[in-house]
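Student: Have a peek at upload.csv (CSV, C-alpha atoms and all ligand atoms).
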```
chain,number,residue,atom,x,y,z
A,1,MET,CA,36.7,9.7,-9.2
A,2,LYS,CA,35.0,11.6,-12.1
A,3,ARG,CA,32.1,14.0,-11.9
A,4,PHE,CA,29.3,13.8,-14.5
A,5,LEU,CA,26.5,16.1,-15.5
A,6,ILE,CA,23.5,14.8,-17.4
A,7,LEU,CA,21.4,17.5,-19.0
A,8,TYR,CA,18.1,16.2,-20.4
A,9,MET,CA,14.9,17.3,-22.0
A,10,SER,CA,11.8,15.1,-21.4
A,11,ARG,CA,8.3,15.7,-22.4
A,12,GLY,CA,6.6,12.6,-20.9
A,13,GLY,CA,9.2,11.6,-18.3
A,14,HIS,CA,10.8,8.7,-20.1
A,15,THR,CA,14.0,10.4,-21.0
A,16,ALA,CA,14.2,11.6,-17.4
A,17,ARG,CA,14.0,8.0,-16.3
A,18,VAL,CA,16.8,7.0,-18.7
A,19,ALA,CA,18.9,9.9,-17.4
A,20,ARG,CA,18.2,8.6,-13.8
A,21,VAL,CA,19.3,5.1,-14.6
A,22,ILE,CA,22.5,6.4,-16.2
A,23,MET,CA,23.1,8.5,-13.1
A,24,ASP,CA,22.5,5.6,-10.8
A,25,THR,CA,24.8,3.4,-12.8
A,26,VAL,CA,27.6,6.0,-12.8
A,27,ARG,CA,27.2,6.4,-9.0
A,28,GLU,CA,27.3,2.7,-8.4
A,29,GLN,CA,30.7,2.7,-10.1
A,30,GLY,CA,31.9,5.1,-7.4
A,31,HIS,CA,31.7,8.3,-9.4
A,32,GLN,CA,29.7,11.5,-8.9
A,33,CYS,CA,26.8,12.3,-11.1
A,34,ASP,CA,24.0,14.9,-11.2
A,35,MET,CA,21.1,15.3,-13.6
A,36,MET,CA,19.5,18.6,-14.6
A,37,ASP,CA,16.5,19.4,-16.7
A,38,ILE,CA,17.4,21.6,-19.7
A,39,VAL,CA,14.7,24.1,-18.7
A,40,GLU,CA,16.3,24.5,-15.3
A,41,ALA,CA,19.8,24.7,-16.9
A,42,THR,CA,18.5,27.4,-19.3
A,43,HIS,CA,17.2,29.7,-16.6
A,44,GLU,CA,19.4,28.8,-13.6
A,45,PRO,CA,23.2,28.7,-13.3
A,46,VAL,CA,25.0,25.5,-14.3
A,47,ALA,CA,28.2,24.7,-12.3
A,48,TRP,CA,30.2,23.7,-15.4
A,49,ASP,CA,33.5,23.8,-13.5
A,50,SER,CA,32.2,21.1,-11.1
A,51,TYR,CA,32.1,18.4,-13.8
A,52,ASP,CA,34.6,16.4,-15.8
A,53,ALA,CA,32.2,15.1,-18.4
A,54,VAL,CA,28.8,16.3,-19.8
A,55,VAL,CA,26.0,14.1,-21.3
A,56,LEU,CA,23.0,15.5,-23.0
A,57,GLY,CA,19.8,13.6,-23.9
A,58,ALA,CA,16.5,14.3,-25.7
A,59,PRO,CA,13.5,12.5,-27.2
A,60,VAL,CA,12.5,12.8,-30.8
A,61,LEU,CA,9.2,14.6,-31.1
A,62,TYR,CA,7.6,14.6,-34.6
A,63,GLY,CA,11.0,14.0,-36.2
A,64,ASN,CA,12.6,16.9,-34.3
A,65,TYR,CA,14.1,17.9,-31.0
A,66,ASP,CA,12.5,20.4,-28.7
A,67,LYS,CA,13.6,24.0,-29.7
A,68,ARG,CA,14.7,24.7,-26.1
A,69,PHE,CA,17.1,21.7,-26.3
A,70,MET,CA,18.6,22.9,-29.6
A,71,GLN,CA,18.9,26.4,-28.3
A,72,PHE,CA,20.7,25.2,-25.2
A,73,VAL,CA,23.1,23.2,-27.3
A,74,ALA,CA,23.8,26.2,-29.6
A,75,ASP,CA,24.3,28.6,-26.6
A,76,HIS,CA,26.6,26.3,-24.7
A,77,LYS,CA,28.5,24.3,-27.3
A,78,GLU,CA,31.9,25.6,-26.3
A,79,LEU,CA,31.3,24.7,-22.6
A,80,ILE,CA,30.1,21.2,-23.7
A,81,GLN,CA,32.9,20.6,-26.1
A,82,ALA,CA,35.5,21.6,-23.6
A,83,LYS,CA,35.0,18.3,-21.7
A,84,PRO,CA,34.4,14.7,-22.7
A,85,ASN,CA,30.8,14.7,-24.0
A,86,SER,CA,28.1,12.4,-25.3
A,87,PHE,CA,24.6,12.8,-26.7
A,88,PHE,CA,21.8,10.3,-26.6
A,89,ASN,CA,18.4,10.4,-28.3
A,90,LEU,CA,15.2,8.5,-27.6
A,91,SER,CA,12.7,7.5,-30.4
A,92,VAL,CA,10.3,4.7,-30.8
A,93,VAL,CA,11.6,3.9,-34.3
A,94,ALA,CA,14.8,2.8,-32.5
A,95,ARG,CA,12.9,-0.3,-31.3
A,96,THR,CA,14.2,-2.1,-34.5
A,97,PRO,CA,17.8,-3.2,-34.7
A,98,GLU,CA,18.5,-1.4,-37.9
A,99,LYS,CA,17.2,2.0,-36.5
A,100,SER,CA,19.0,1.6,-33.2
A,101,THR,CA,22.4,2.4,-34.6
A,102,VAL,CA,23.9,5.8,-35.1
A,103,GLU,CA,24.1,5.3,-38.8
A,104,GLY,CA,20.6,3.7,-39.1
A,105,ASN,CA,18.7,6.2,-36.9
A,106,ARG,CA,17.7,9.1,-39.2
A,107,TYR,CA,17.0,11.3,-36.2
A,108,MET,CA,20.5,10.9,-35.0
A,109,GLN,CA,21.7,11.8,-38.4
A,110,LYS,CA,19.4,14.8,-38.4
A,111,PHE,CA,20.8,15.9,-35.0
A,112,LEU,CA,24.4,15.7,-36.4
A,113,GLU,CA,23.3,17.9,-39.3
A,114,LEU,CA,21.4,20.5,-37.3
A,115,SER,CA,23.5,20.8,-34.2
A,116,PRO,CA,26.4,23.2,-34.0
A,117,TRP,CA,27.7,20.9,-31.2
A,118,LYS,CA,29.3,17.8,-32.7
A,119,PRO,CA,29.2,15.3,-29.9
A,120,GLN,CA,32.3,13.2,-29.3
A,121,ASP,CA,30.1,10.2,-28.5
A,122,LEU,CA,26.6,9.1,-29.5
A,123,LYS,CA,23.9,6.7,-28.3
A,124,VAL,CA,20.6,5.8,-29.8
A,125,ILE,CA,18.0,4.5,-27.2
A,126,ALA,CA,14.5,3.1,-27.9
A,127,GLY,CA,11.8,5.1,-26.1
A,128,LYS,CA,8.3,4.4,-24.9
A,129,VAL,CA,4.8,4.3,-26.6
A,130,ASP,CA,2.3,5.6,-24.1
A,131,TYR,CA,-0.9,6.4,-25.9
A,132,PRO,CA,-3.1,6.7,-22.7
A,133,SER,CA,-0.9,9.6,-21.5
A,134,TRP,CA,-1.0,11.4,-24.9
A,135,GLY,CA,-3.7,13.7,-26.1
A,136,THR,CA,-6.0,12.9,-28.9
A,137,LEU,CA,-4.1,14.7,-31.6
A,138,ASP,CA,-0.7,13.3,-30.5
A,139,THR,CA,-2.2,9.8,-30.4
A,140,LEU,CA,-3.6,10.1,-33.9
A,141,MET,CA,-0.3,11.4,-35.3
A,142,ILE,CA,1.8,8.8,-33.6
A,143,GLN,CA,-0.6,6.0,-34.6
A,144,MET,CA,0.1,7.2,-38.2
A,145,ILE,CA,3.8,7.1,-37.7
A,146,MET,CA,3.4,3.6,-36.1
A,147,LYS,CA,1.3,2.4,-39.0
A,148,MET,CA,4.0,3.4,-41.4
A,149,THR,CA,6.7,1.6,-39.4
A,150,ASP,CA,4.7,-1.5,-38.4
A,151,GLY,CA,4.4,-0.4,-34.8
A,152,PRO,CA,1.6,-0.6,-32.2
A,153,THR,CA,-1.5,1.3,-33.1
A,154,ASP,CA,-3.9,0.2,-30.3
A,155,LYS,CA,-4.7,3.4,-28.4
A,156,ASN,CA,-4.5,1.6,-25.1
A,157,SER,CA,-0.9,0.5,-25.7
A,158,VAL,CA,1.8,1.3,-23.2
A,159,ILE,CA,5.1,-0.3,-24.4
A,160,ASP,CA,8.5,0.4,-23.0
A,161,TYR,CA,11.0,-0.4,-25.7
A,162,THR,CA,14.0,0.7,-23.7
A,163,ASP,CA,16.7,-1.9,-23.2
A,164,TRP,CA,17.6,-1.0,-19.6
A,165,GLU,CA,20.6,-3.3,-19.5
A,166,ASP,CA,22.0,-1.4,-22.5
A,167,VAL,CA,21.3,1.9,-20.8
A,168,LYS,CA,23.4,0.7,-17.9
A,169,ALA,CA,26.1,-0.4,-20.2
A,170,TYR,CA,26.0,3.1,-21.8
A,171,GLY,CA,26.4,4.5,-18.2
A,172,ARG,CA,29.5,2.4,-17.7
A,173,HIS,CA,30.8,3.3,-21.1
A,174,LEU,CA,30.6,7.0,-20.1
A,175,ILE,CA,33.1,6.4,-17.3
A,176,THR,CA,35.6,5.1,-19.9
A,177,LEU,CA,34.9,8.1,-22.1
A,178,ALA,CA,35.7,10.5,-19.2
A,179,GLY,CA,39.1,8.8,-19.0
B,201,LIG,C1,4.3,14.2,-29.5
B,201,LIG,C2,5.2,13.0,-29.7
B,201,LIG,C3,5.8,12.9,-30.9
B,201,LIG,C4,6.7,11.8,-31.2
B,201,LIG,N1,7.3,11.7,-32.4
B,201,LIG,C5,8.1,10.7,-32.7
B,201,LIG,C6,8.7,10.5,-33.9
B,201,LIG,O1,8.5,11.3,-34.9
B,201,LIG,N2,9.5,9.4,-34.2
B,201,LIG,C7,9.7,8.5,-33.2
B,201,LIG,O2,10.4,7.5,-33.4
B,201,LIG,N3,9.2,8.6,-31.9
B,201,LIG,C8,8.4,9.7,-31.7
B,201,LIG,N4,7.8,9.8,-30.4
B,201,LIG,C9,8.2,8.9,-29.4
B,201,LIG,C10,9.1,9.5,-28.3
B,201,LIG,O3,10.3,9.8,-28.9
B,201,LIG,C11,9.2,8.5,-27.1
B,201,LIG,O4,7.9,8.3,-26.6
B,201,LIG,C12,10.0,9.0,-26.0
B,201,LIG,O5,10.2,7.9,-25.1
B,201,LIG,C13,9.5,10.2,-25.3
B,201,LIG,O6,10.3,10.6,-24.3
B,201,LIG,P1,9.8,11.5,-23.1
B,201,LIG,O7,8.8,10.7,-22.3
B,201,LIG,O8,11.1,11.8,-22.3
B,201,LIG,O9,9.2,12.7,-23.7
B,201,LIG,C14,6.9,10.9,-30.2
B,201,LIG,C15,6.3,11.0,-28.9
B,201,LIG,C16,5.5,12.1,-28.7
B,201,LIG,C17,4.8,12.2,-27.3
```
Write the structure described by the file as structure tokens, please.

Tutor:
Amino acid sequence: MKRFLILYMSRGGHTARVARVIMDTVREQGHQCDMMDIVEATHEPVAWDSYDAVVLGAPVLYGNYDKRFMQFVADHKELIQAKPNSFFNLSVVARTPEKSTVEGNRYMQKFLELSPWKPQDLKVIAGKVDYPSWGTLDTLMIQMIMKMTDGPTDKNSVIDYTDWEDVKAYGRHLITLAG
């Protein structure tokens, strides 16, 4: 039995839901898994020794990753790299097949450039458009991004682009990664 820790950042809750589905999948396979918000992990102790593998995930926000996430990665890269490790990102551009690959997703490439932690394993996941839960400015900005990429611009749109079966497959893949 392997023990997994998923550390995630989530602004609107969708990355948290992805982390939960990964956790449930890992547990269904008879392994242990916990998930922890990066803000908690920054300010409270993390029981690194209790885990065999570490998974980190974050959404893309305006082409970037939350500063707290990047800081956590920089501060803990040795601990993360000491175990089998994987990184997943969420973005709505990943709804198209060509932007859903590690090579084709520019935000994944950006992470690899910026992060002092070089993940052993990578996963691109399509996120959620949720205009009604976003403020006016965010809605306008994301409508602009969507216009440029032929995505939905109706301010009432709520579209979950996540392929949940693929998320479960990633969960099973992590078990193989942990050895
Ligand atoms: C403020 C904001 C900015 C975003 N910027 C981008 C972006 O630049 N590119 C993109 O593909 N998706 C972008 N997204 C989409 C998010 O990556 C997607 O909604 C993700 O599912 C959010 O996860 P969360 O609910 O865990 O925060 C943005 C979303 C928000 C709310």

Student: Have a look at A:Ala16, A:Leu114, A:Ile159, A:Met1 and name the one nearest to ligand LIG 201 (chain B); count all atoms listed in the file.

Tutor: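 Answer, going by the shortest atom-to-atom distance: A:Ala16.
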
Student: Counting only C-alpha atoms and all ligand atoms, which protein, DNA or RNA residues come within 9 Å of ligand LIG 201 (chain B), given as a ChimeraX atom specification?

Tutor: /A:8-18,58-64,89-95,107,125-131,133-135,137-139,141-142,145-146,160-162

Student: Taking into account all atoms listed in the file, which residue in the set A:Ile6, A:Ser157, A:Thr42, A:Leu177 is nearest to A:Lys67?

Tutor: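 For A:Lys67, the nearest of the candidates is A:Thr42.
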
Student: Quick one, how far is atom CA of A:Asp150 from atom CA of A:Arg106?

Tutor: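 We find that atom CA of A:Asp150 and atom CA of A:Arg106 lie 16.8 Å from each other.
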
Student: In Å, rounded to a single decimal, give me how far atom CA of A:Gly104 is from atom CA of A:Asn85.

Tutor: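 Those two atoms sit 21.3 Å apart.
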
Student: Mind checking which residues fall within 8 Å of stretch 70-83 of chain A, counting all atoms listed in the file, ignoring those fewer than 3 positions away in the same chain, and posting them as a PDB file with C-alpha atoms, in the coordinates of the input?

Tutor:
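File written: part21.pdb
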```pdb
ATOM      1  CA  ILE A  38      17.400  21.600 -19.700  1.00  0.00           C
ATOM      2  CA  THR A  42      18.500  27.400 -19.300  1.00  0.00           C
ATOM      3  CA  TRP A  48      30.200  23.700 -15.400  1.00  0.00           C
ATOM      4  CA  ASP A  52      34.600  16.400 -15.800  1.00  0.00           C
ATOM      5  CA  ALA A  53      32.200  15.100 -18.400  1.00  0.00           C
ATOM      6  CA  VAL A  54      28.800  16.300 -19.800  1.00  0.00           C
ATOM      7  CA  TYR A  65      14.100  17.900 -31.000  1.00  0.00           C
ATOM      8  CA  ASP A  66      12.500  20.400 -28.700  1.00  0.00           C
ATOM      9  CA  LYS A  67      13.600  24.000 -29.700  1.00  0.00           C
ATOM     10  CA  SER A 115      23.500  20.800 -34.200  1.00  0.00           C
ATOM     11  CA  PRO A 116      26.400  23.200 -34.000  1.00  0.00           C
ATOM     12  CA  TRP A 117      27.700  20.900 -31.200  1.00  0.00           C
ATOM     13  CA  PRO A 119      29.200  15.300 -29.900  1.00  0.00           C
TER      14      PRO A 119
END
```

Student: Between atom CA of A:Met35 and atom CA of A:Leu7, what is the distance, to one decimal in Å?

Tutor: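 Going from atom CA of A:Met35 over to atom CA of A:Leu7, I get 5.8 Å.
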
Student: For A:Thr149, which residue among A:Ser50, A:Thr96, A:Thr25, A:Thr101 is the nearest when counting all atoms listed in the file?

Tutor: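 Going through A:Ser50, A:Thr96, A:Thr25, A:Thr101 one by one, the smallest distance to A:Thr149 is for A:Thr96.
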